Each structure stands twice: as structure tokens, then as C-alpha cells.
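Report on the structure given below.
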Amino acid sequence: MKYDEYEMLELFEDEPLVMIDEQTGIFTYRKIDDYGFKLSFTISVHESQCSVSLSYKHFKGLIFNFELEDISQIKGENNRLTILGNDGNREVEISFKPHFSLKTVRL
């Protein structure tokens, strides 16, 4: 799986949480918008997998949560998180501005 740590840092505006240790290659990025919505994005680099979830401060459960496998590339450009599958097609595109929104979803 290919991704640029600096793009993720710029998009999420924070360092990732390292799950277990750096060697496992599992990282979680989080971003909370001005309305209290929290987007969590976990990458498992060695397994080419990721998961995405959205929650809201006044809800007890998640609004959505899904996992993707066989990911080839993750891009974080122009206030968008784009996840590409091994076939090169967009699996998911999430816009960060003006609020979190799903643009493309192929599950």
C-alpha cells in the first residue's frame, strides 16, 4: 500500500496514533470538525487494509463504519481522502470541507 505520511498529516492536521508499535504498520488518524463529527481512519500498511468510521458527539453509536481490503494507494489532496483499490479504481472518496461527506463509495 502506498501513501504519503505528509499528506495524511496535512489532511488530518495531527500525527497518527501508533497502534502497538511502528513495526506493526497500523496507524489511526482522527479529525473532529466544528460540528462535533469525528472521522477515524485506520491504516494497516502490511495487510493493505483500512477502516473508516464517522461518529457524532451526541450519538452513542457510529454513523457508519466500514473496512476495505486490497488497497493499493491512499491520497490526501485538496481536502479529500481518496482510497484506491488494486484495480486502480476509486473505492472511497471523502471530502473534509466544508464538512465530511462521502463522494464515491464502492464497497
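Ligands are numbered from 1 in the order shown, chains are lettered A, B, ... in the order of the C-alpha cells, and residues start at 1 in each chain.
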
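The residue set within 8 Å of Ile74 (chain A), counting only C-alpha atoms and dropping same-chain residues fewer than 2 places from it, reads Met1, Lys2, Tyr3, Asp4, Ile71, Ser72, Gly76, Leu81, Thr82, Ile83 and Leu84 of chain A.
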
Atoms to include: N, CA, C and O atoms. Write the selected residues as a short mmCIF file (atom, residue, chain, number, x, y, z; two decimals), in the first residue's frame.
```cif
data_model
loop_
_atom_site.label_atom_id
_atom_site.label_comp_id
_atom_site.auth_asym_id
_atom_site.auth_seq_id
_atom_site.Cartn_x
_atom_site.Cartn_y
_atom_site.Cartn_z
N MET A 1 0.85 -1.17 0.00
CA MET A 1 0.00 0.00 0.00
C MET A 1 0.90 1.24 0.00
O MET A 1 1.85 1.33 0.76
N LYS A 2 0.54 2.17 -0.86
CA LYS A 2 1.32 3.40 -0.99
C LYS A 2 0.51 4.57 -0.42
O LYS A 2 -0.66 4.71 -0.73
N TYR A 3 1.18 5.38 0.41
CA TYR A 3 0.57 6.61 0.90
C TYR A 3 1.68 7.54 1.37
O TYR A 3 2.80 7.10 1.64
N ASP A 4 1.37 8.81 1.45
CA ASP A 4 2.33 9.81 1.85
C ASP A 4 1.96 10.30 3.25
O ASP A 4 0.88 10.87 3.46
N ILE A 71 -6.13 -2.58 -0.79
CA ILE A 71 -5.93 -1.17 -1.10
C ILE A 71 -4.53 -1.00 -1.69
O ILE A 71 -3.55 -1.51 -1.15
N SER A 72 -4.44 -0.27 -2.80
CA SER A 72 -3.13 -0.04 -3.40
C SER A 72 -2.56 1.32 -3.03
O SER A 72 -1.35 1.47 -2.90
N GLY A 76 -4.17 12.03 0.02
CA GLY A 76 -4.77 13.08 0.84
C GLY A 76 -4.47 14.43 0.20
O GLY A 76 -3.48 15.07 0.57
N LEU A 81 -9.77 12.73 1.03
CA LEU A 81 -9.11 11.45 1.27
C LEU A 81 -9.62 10.51 0.20
O LEU A 81 -10.82 10.26 0.10
N THR A 82 -8.71 10.02 -0.63
CA THR A 82 -9.09 9.12 -1.71
C THR A 82 -8.40 7.79 -1.49
O THR A 82 -7.18 7.73 -1.31
N ILE A 83 -9.18 6.71 -1.53
CA ILE A 83 -8.66 5.37 -1.32
C ILE A 83 -8.85 4.59 -2.62
O ILE A 83 -9.97 4.48 -3.12
N LEU A 84 -7.74 4.07 -3.15
CA LEU A 84 -7.76 3.36 -4.42
C LEU A 84 -7.56 1.87 -4.20
O LEU A 84 -6.70 1.46 -3.41
#
```

Original post:
Counting only C-alpha atoms, what is within 8 Å of Ser44 (chain A), bar same-chain residues fewer than 6 positions away, as a PyMOL selection string?
Top reply: chain A and resi 24-27+50

Write to file, as a short mmCIF file (atom, residue, chain, number, x, y, z; two decimals), in the first residue's frame, the residues of the selection just made, with N, CA and C atoms.
```cif
data_model
loop_
_atom_site.label_atom_id
_atom_site.label_comp_id
_atom_site.auth_asym_id
_atom_site.auth_seq_id
_atom_site.Cartn_x
_atom_site.Cartn_y
_atom_site.Cartn_z
N THR A 24 4.42 -2.70 13.47
CA THR A 24 3.18 -3.35 13.05
C THR A 24 2.57 -2.68 11.83
N GLY A 25 2.88 -1.40 11.62
CA GLY A 25 2.36 -0.68 10.45
C GLY A 25 0.88 -0.36 10.55
N ILE A 26 0.36 -0.23 11.77
CA ILE A 26 -1.06 0.10 11.96
C ILE A 26 -1.13 1.49 12.61
N PHE A 27 -1.81 2.42 11.91
CA PHE A 27 -1.89 3.80 12.35
C PHE A 27 -3.33 4.28 12.28
N CYS A 50 -7.76 -0.87 5.34
CA CYS A 50 -8.05 0.33 6.11
C CYS A 50 -9.51 0.28 6.56
#
```

Original post:
Using only C-alpha atoms, which residues sit within 10 Å of Gln23 (chain A) once same-chain residues fewer than 4 positions away are excluded, as a PyMOL selection string?
Top reply: chain A and resi 18-19+46

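The nearest approach to Lys38 (chain A) among the residues A:His99, A:Ile20, A:Phe66, A:Val92, with only C-alpha atoms taken into account, belongs to A:His99.
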
Original post:
Got a sec to tell me which of chain A DSSP assigns to helix (DSSP H, G or I), as number ranges by chain?
Top reply: A: 5-12, 22-24

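Closest approach to Leu9 (chain A) among A:Lys60, A:Arg30, A:Lys97, A:Lys103 is made by A:Arg30 (distances from only C-alpha atoms).
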
**OP:** Check the DSSP output for the backbone and give back, as a PyMOL selection string, the residues of region 20-74 of chain A in strand (DSSP E).
**Re:** chain A and resi 26-32+37-44+49-56+62-68+71-74

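Here CA of Leu17 (chain A) and CA of Ser40 (chain A) stand 10.6 Å from one another.
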
Subject >> Test item: residues at most 10 Å from Ser51 (chain A), only C-alpha atoms, excluding those fewer than 6 positions along its chain, as a PyMOL selection string >> reply: chain A and resi 28+40-44+65-69

Just to be explicit: take each residue in the selection above, keep N, CA and C atoms, and write the result as a PDB file, in the first residue's frame.
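Result written to again_7.pdb:
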```pdb
ATOM      1  N   THR A  28      -3.729   5.109  13.230  1.00  0.00           N
ATOM      2  CA  THR A  28      -5.062   5.695  13.236  1.00  0.00           C
ATOM      3  C   THR A  28      -4.954   7.212  13.195  1.00  0.00           C
ATOM      4  N   SER A  40     -12.592   8.806  11.865  1.00  0.00           N
ATOM      5  CA  SER A  40     -11.443   7.985  12.252  1.00  0.00           C
ATOM      6  C   SER A  40     -11.045   7.132  11.055  1.00  0.00           C
ATOM      7  N   PHE A  41      -9.744   7.090  10.791  1.00  0.00           N
ATOM      8  CA  PHE A  41      -9.220   6.378   9.642  1.00  0.00           C
ATOM      9  C   PHE A  41      -8.031   5.550  10.102  1.00  0.00           C
ATOM     10  N   THR A  42      -8.165   4.232  10.018  1.00  0.00           N
ATOM     11  CA  THR A  42      -7.104   3.327  10.453  1.00  0.00           C
ATOM     12  C   THR A  42      -6.514   2.624   9.238  1.00  0.00           C
ATOM     13  N   ILE A  43      -5.187   2.635   9.168  1.00  0.00           N
ATOM     14  CA  ILE A  43      -4.455   2.009   8.070  1.00  0.00           C
ATOM     15  C   ILE A  43      -3.665   0.832   8.627  1.00  0.00           C
ATOM     16  N   SER A  44      -3.759  -0.316   7.955  1.00  0.00           N
ATOM     17  CA  SER A  44      -2.884  -1.447   8.224  1.00  0.00           C
ATOM     18  C   SER A  44      -2.019  -1.617   6.985  1.00  0.00           C
ATOM     19  N   ASN A  65     -19.377   2.776   9.639  1.00  0.00           N
ATOM     20  CA  ASN A  65     -18.084   2.136   9.856  1.00  0.00           C
ATOM     21  C   ASN A  65     -17.936   1.068   8.785  1.00  0.00           C
ATOM     22  N   PHE A  66     -16.849   1.122   8.035  1.00  0.00           N
ATOM     23  CA  PHE A  66     -16.615   0.078   7.036  1.00  0.00           C
ATOM     24  C   PHE A  66     -15.126  -0.172   6.889  1.00  0.00           C
ATOM     25  N   GLU A  67     -14.815  -1.370   6.388  1.00  0.00           N
ATOM     26  CA  GLU A  67     -13.436  -1.772   6.168  1.00  0.00           C
ATOM     27  C   GLU A  67     -13.229  -2.055   4.689  1.00  0.00           C
ATOM     28  N   LEU A  68     -12.031  -1.754   4.216  1.00  0.00           N
ATOM     29  CA  LEU A  68     -11.669  -2.003   2.823  1.00  0.00           C
ATOM     30  C   LEU A  68     -10.400  -2.848   2.785  1.00  0.00           C
ATOM     31  N   GLU A  69     -10.368  -3.796   1.860  1.00  0.00           N
ATOM     32  CA  GLU A  69      -9.205  -4.664   1.689  1.00  0.00           C
ATOM     33  C   GLU A  69      -8.619  -4.457   0.304  1.00  0.00           C
TER      34      GLU A  69
END
```

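You will find CA of Glu77 (chain A) at 7.4 Å from CA of Leu11 (chain A).
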
Original post:
Can you list, as a count of residues only, every protein, DNA or RNA residue that comes within 7 Å of Glu91 (chain A) when you count only C-alpha atoms, leaving out same-chain residues fewer than 3 positions away?
Top reply: 7

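If you measure from each of A:Asp70, A:Leu62, A:Ser101, A:Tyr56 to Asn89 (chain A) using only C-alpha atoms, the closest one turns out to be A:Asp70.
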